[in-house]
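Data file: entry-v7.txt. Format and content: compact mmCIF, C-alpha atoms.
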```
# COMPACT_ATOMS: atom_id res chain seq x y z
CA MET B 1 0.00 0.00 0.00
CA SER B 2 1.44 3.42 -0.95
CA LYS B 3 2.39 6.04 1.63
CA ALA B 4 -0.31 8.38 0.26
CA ILE B 5 -3.05 5.79 0.69
CA THR B 6 -1.80 4.89 4.18
CA LEU B 7 -1.95 8.56 5.17
CA MET B 8 -5.42 8.87 3.67
CA LEU B 9 -6.70 5.92 5.69
CA ALA B 10 -5.16 7.21 8.90
CA THR B 11 -6.81 10.60 8.39
CA LEU B 12 -10.19 9.12 7.65
CA VAL B 13 -10.07 6.77 10.63
CA THR B 14 -9.24 9.71 12.91
CA THR B 15 -12.18 11.65 11.50
CA ALA B 16 -14.50 8.66 11.89
CA GLY B 17 -13.45 8.29 15.51
CA ALA B 18 -14.47 11.87 16.20
CA VAL B 19 -17.90 11.25 14.68
CA SER B 20 -18.48 8.16 16.83
CA SER B 21 -17.26 9.59 20.13
CA ALA B 22 -20.71 10.69 21.28
CA TRP B 23 -22.62 7.81 19.72
CA ALA B 24 -26.01 7.34 21.36
CA GLN B 25 -28.98 6.00 19.48
CA ASP B 26 -32.63 5.16 19.75
CA ALA B 27 -34.14 3.65 16.61
CA ALA B 28 -37.71 3.91 17.95
CA ALA B 29 -37.20 7.62 18.54
CA GLY B 30 -35.65 7.91 15.08
CA GLU B 31 -38.78 6.48 13.48
CA LYS B 32 -40.81 9.28 15.04
CA LYS B 33 -38.36 11.87 13.74
CA ALA B 34 -38.20 10.59 10.15
CA ALA B 35 -41.18 12.52 8.77
CA MET B 36 -38.91 15.08 7.12
CA CYS B 37 -36.94 12.31 5.40
CA ILE B 38 -39.64 10.16 3.85
CA GLY B 39 -40.83 12.70 1.28
CA CYS B 40 -37.66 12.01 -0.72
CA HIS B 41 -36.00 8.89 0.68
CA GLY B 42 -39.22 6.92 1.12
CA ILE B 43 -40.33 6.98 -2.53
CA HIS B 44 -39.00 4.51 -5.08
CA GLY B 45 -37.25 6.28 -7.94
CA TYR B 46 -37.74 9.76 -6.50
CA GLN B 47 -35.55 12.24 -8.36
CA ALA B 48 -33.94 15.43 -7.18
CA THR B 49 -33.23 18.27 -9.60
CA PHE B 50 -30.28 19.91 -7.83
CA PRO B 51 -27.59 20.34 -8.98
CA GLN B 52 -28.87 18.12 -11.80
CA VAL B 53 -31.54 15.47 -12.13
CA HIS B 54 -30.62 12.31 -10.23
CA LYS B 55 -32.24 9.77 -7.95
CA VAL B 56 -32.03 10.61 -4.27
CA PRO B 57 -29.75 8.20 -2.42
CA MET B 58 -31.04 5.10 -0.74
CA ILE B 59 -30.43 5.42 3.01
CA SER B 60 -32.27 2.40 4.39
CA GLY B 61 -29.55 -0.13 5.20
CA GLN B 62 -26.78 2.46 5.08
CA GLY B 63 -24.34 2.51 7.99
CA GLY B 64 -25.60 4.57 10.91
CA LYS B 65 -22.22 6.18 11.59
CA TYR B 66 -22.04 7.29 7.98
CA ILE B 67 -25.51 8.82 8.14
CA VAL B 68 -24.45 10.83 11.18
CA ALA B 69 -21.22 11.91 9.49
CA SER B 70 -23.19 13.05 6.43
CA LEU B 71 -25.71 15.04 8.43
CA VAL B 72 -22.94 16.70 10.45
CA ALA B 73 -21.18 17.66 7.20
CA TYR B 74 -24.38 19.21 5.82
CA LYS B 75 -24.99 21.06 9.08
CA LYS B 76 -21.47 22.50 9.09
CA GLY B 77 -21.67 23.42 5.42
CA GLU B 78 -18.90 21.02 4.47
CA ARG B 79 -21.45 19.50 2.11
CA LYS B 80 -23.09 22.33 0.20
CA HIS B 81 -26.70 21.47 -0.54
CA PRO B 82 -29.28 24.11 0.48
CA THR B 83 -32.13 21.70 1.23
CA MET B 84 -30.07 19.17 3.13
CA ARG B 85 -28.23 21.87 5.03
CA ALA B 86 -31.52 23.38 6.19
CA ILE B 87 -32.76 19.97 7.33
CA ALA B 88 -29.52 19.08 9.09
CA ALA B 89 -29.41 22.48 10.79
CA SER B 90 -32.72 21.67 12.45
CA LEU B 91 -31.38 18.45 13.99
CA SER B 92 -29.64 18.01 17.32
CA ASP B 93 -26.83 15.50 17.75
CA GLN B 94 -29.33 13.17 19.40
CA ASP B 95 -31.78 13.56 16.50
CA MET B 96 -29.04 12.56 14.07
CA ALA B 97 -28.05 9.54 16.13
CA ASP B 98 -31.67 8.39 16.42
CA LEU B 99 -32.38 8.81 12.70
CA ALA B 100 -29.18 6.97 11.84
CA ALA B 101 -30.08 4.05 14.10
CA TYR B 102 -33.51 3.86 12.52
CA TYR B 103 -32.36 3.91 8.91
CA GLU B 104 -29.49 1.50 9.48
CA LYS B 105 -32.00 -1.25 10.31
CA HIS B 106 -34.96 0.13 8.37
CA GLY B 107 -37.07 -2.49 6.62
CA GLY B 108 -34.51 -5.24 7.07
CA ALA B 109 -31.58 -5.32 4.68
CA PRO B 110 -32.11 -7.36 1.50
CA ALA B 111 -29.66 -10.16 0.87
CA ALA B 112 -26.39 -8.74 -0.37
CA ALA B 113 -23.70 -10.92 -1.85
CA GLU B 114 -20.95 -11.71 0.64
CA ALA B 115 -18.69 -12.97 -2.10
CA ALA B 116 -16.57 -10.71 -4.27
CA PRO B 117 -18.70 -8.57 -6.61
CA PRO B 118 -18.83 -9.26 -10.36
CA ALA B 119 -15.60 -8.17 -11.96
CA PRO B 120 -15.75 -4.76 -13.63
CA PRO B 121 -14.65 -4.21 -17.22
CA ALA B 122 -10.88 -3.85 -17.48
CA ASP B 123 -10.99 -0.08 -17.96
CA VAL B 124 -13.23 0.42 -14.92
CA ALA B 125 -11.10 -1.95 -12.86
CA ALA B 126 -8.09 0.20 -13.68
CA LEU B 127 -9.94 3.34 -12.56
CA LEU B 128 -11.04 1.78 -9.28
CA ALA B 129 -7.50 0.60 -8.64
CA LYS B 130 -6.14 4.06 -9.39
CA GLY B 131 -8.53 5.54 -6.84
CA ALA B 132 -7.84 2.74 -4.32
CA CYS B 133 -11.60 2.71 -3.74
CA ASN B 134 -11.70 -0.64 -1.98
CA SER B 135 -9.09 0.51 0.54
CA CYS B 136 -11.87 2.31 2.40
CA HIS B 137 -15.11 0.90 1.00
CA GLY B 138 -14.15 -2.78 1.14
CA PRO B 139 -13.48 -5.37 -1.55
CA ASN B 140 -17.22 -5.69 -2.25
CA TYR B 141 -17.89 -1.95 -1.78
CA SER B 142 -20.57 -2.81 0.79
CA LYS B 143 -18.38 -3.54 3.82
CA PRO B 144 -16.33 -0.38 4.44
CA ILE B 145 -13.34 -0.65 6.73
CA ASP B 146 -15.05 1.78 9.11
CA PRO B 147 -18.84 2.16 9.32
CA ALA B 148 -18.42 5.93 9.13
CA TYR B 149 -17.64 5.42 5.44
CA PRO B 150 -20.54 4.80 3.03
CA LYS B 151 -21.65 1.57 1.49
CA LEU B 152 -21.42 2.17 -2.25
CA ALA B 153 -22.56 -1.10 -3.80
CA GLY B 154 -25.98 -0.82 -5.39
CA GLN B 155 -26.41 2.87 -4.67
CA HIS B 156 -28.00 4.80 -7.54
CA GLY B 157 -25.27 5.34 -10.12
CA ASP B 158 -26.46 8.80 -11.08
CA TYR B 159 -26.37 9.88 -7.44
CA LEU B 160 -22.89 8.42 -6.97
CA PHE B 161 -21.66 10.44 -9.93
CA VAL B 162 -23.16 13.68 -8.60
CA ALA B 163 -21.66 12.99 -5.18
CA LEU B 164 -18.22 12.23 -6.59
CA ALA B 165 -18.25 15.26 -8.88
CA ALA B 166 -19.19 17.50 -5.95
CA TYR B 167 -15.85 16.79 -4.28
CA GLY B 168 -14.11 18.46 -7.22
CA VAL B 169 -16.16 21.68 -7.11
CA GLU B 170 -14.49 24.77 -5.67
CA GLY B 171 -15.71 28.31 -5.05
CA ASN B 172 -19.43 27.57 -5.35
CA ALA B 173 -21.66 28.62 -2.46
CA ASN B 174 -24.32 25.98 -3.15
CA ILE B 175 -22.50 23.01 -4.66
CA GLY B 176 -19.53 21.03 -3.42
CA ARG B 177 -18.22 18.75 -0.70
CA GLY B 178 -15.37 19.95 1.46
CA ASN B 179 -13.38 16.79 2.03
CA ALA B 180 -9.74 17.25 1.07
CA ILE B 181 -9.03 13.50 0.87
CA MET B 182 -11.92 12.79 -1.49
CA ALA B 183 -11.23 15.95 -3.48
CA GLY B 184 -7.72 14.74 -4.14
CA GLN B 185 -9.02 11.36 -5.26
CA VAL B 186 -11.72 12.75 -7.54
CA LYS B 187 -9.47 15.27 -9.27
CA GLN B 188 -7.49 12.39 -10.78
CA PHE B 189 -10.43 11.52 -13.02
CA LYS B 190 -12.35 12.93 -15.94
CA ARG B 191 -16.14 13.23 -15.62
CA GLU B 192 -16.72 10.28 -17.94
CA GLU B 193 -14.39 8.17 -15.81
CA LEU B 194 -16.32 9.09 -12.67
CA LYS B 195 -19.54 8.13 -14.45
CA ALA B 196 -18.10 4.76 -15.47
CA MET B 197 -17.09 3.97 -11.90
CA ALA B 198 -20.46 5.14 -10.56
CA ARG B 199 -22.35 2.95 -13.06
CA TYR B 200 -20.38 -0.12 -12.07
CA LEU B 201 -20.77 0.47 -8.34
CA GLY B 202 -24.48 1.06 -8.79
CA SER B 203 -24.86 -2.29 -10.57
CA LEU B 204 -23.57 -4.37 -7.65
CA PRO B 205 -25.59 -6.44 -5.15
CA SER B 206 -26.57 -4.15 -2.33
CA GLU B 207 -27.65 -3.84 1.28
CA LEU B 208 -29.19 -0.48 0.40
CA HIS B 209 -32.85 -0.14 -0.47
CA THR B 210 -35.86 2.15 -0.44
CA VAL B 211 -38.75 1.30 1.86
CA PRO B 212 -41.91 2.97 0.51
CA GLN B 213 -43.51 5.19 3.14
CA SER B 214 -46.55 7.39 3.08
CA LYS B 215 -46.16 11.10 3.70
CA PHE B 216 -49.44 10.89 5.58
CA ARG B 217 -48.88 8.61 8.53
```
Rendering of file as structure tokens:
Amino acid sequence: MSKAITLMLATLVTTAGAVSSAWAQDAAAGEKKAAMCIGCHGIHGYQATFPQVHKVPMISGQGGKYIVASLVAYKKGERKHPTMRAIAASLSDQDMADLAAYYEKHGGAPAAAEAAPPAPPADVAALLAKGACNSCHGPNYSKPIDPAYPKLAGQHGDYLFVALAAYGVEGNANIGRGNAIMAGQVKQFKREELKAMARYLGSLPSELHTVPQSKFR
């Protein structure tokens, strides 16, 4: 493993430890707090239009620590998304922990392949190796080395592309993700290369899913 990748992992693990230091969770309480989430994340195929049209990410079955880390990043403005920042700003640390606990177990995870995922085309394999993607997200991209990192396998490919591209945006008040490690990774690639990786990752067996929920409950 290269020195750069080793340093990247050490930095990310330190950050993940900070996120988990005050971990307290109540999934039952999270269910009661999820009303603001279900209008987008509880509808199959629901599409957002900002910063471009893409399916909203599946969060049921996602790691709870990652959900907390994401919400904290939106609240701090490290992830620039006006709607999500407004939602995250309304949440306390306990709210985030409860919502994360709820969505981590929400609906029961569908069977996800434990074996190695289907091999990508040679060109995509080379891109994934260049980015050392499995160093953090696991060899099957669904078992990250720390649960504060996202599960990628089976996530909507168009969302993954938008998320990856956001790390490369600078100087925009409404778009971008302020993570220096991921920014450095993303800037190695052309947009079409990011799309190719996102399509492959989105095609894999997944623990992520959408549980349909009524807005009127």
Could you give me, as a VMD selection string, the residues within 10 Å of Asn179 in chain B, counting only C-alpha atoms and dropping anything in the same chain fewer than 4 positions from it?
chain B and resid 73 78 to 79 166 to 168 183 to 184
Might you pull out every residue within 6 Å of range 114-130 of chain B, with all atoms listed in the file counted and same-chain residues fewer than 2 positions away left off, and present them as an mmCIF file with C-alpha atoms, in the frame of the given file?
```cif
data_model
loop_
_atom_site.group_PDB
_atom_site.id
_atom_site.type_symbol
_atom_site.label_atom_id
_atom_site.label_comp_id
_atom_site.auth_asym_id
_atom_site.auth_seq_id
_atom_site.Cartn_x
_atom_site.Cartn_y
_atom_site.Cartn_z
ATOM 1 C CA ALA B 132 -7.840 2.740 -4.320
ATOM 2 C CA CYS B 133 -11.600 2.710 -3.740
ATOM 3 C CA ASN B 140 -17.220 -5.690 -2.250
#
```
Could you write out as lines of an AutoDock Vina configuration file the box around range 127-132 of chain B (axis-aligned, all atoms listed in the file, 5 Å on each side), with centre and edge lengths in Å to one decimal?
```
center_x = -8.6
center_y = 3.1
center_z = -8.4
size_x = 14.9
size_y = 14.9
size_z = 18.2
```
Would you list the contacts of Ala86 in chain B as a ChimeraX atom specification, taking every protein, DNA or RNA residue within 12 Å and counting all atoms listed in the file, but skipping same-chain residues closer than 5 positions in sequence?
/B:36,71-77,79-81,91
Using all atoms listed in the file, which of B:Pro82, B:Pro205, B:Pro51, B:Gly108 sits nearest Val162 in chain B?
B:Pro51
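Each of B:Gly178, B:Pro147, B:Gly171, B:Gly154 was checked against Ser206 in chain B using all atoms listed in the file; the smallest atom-to-atom distance is that of B:Gly154.
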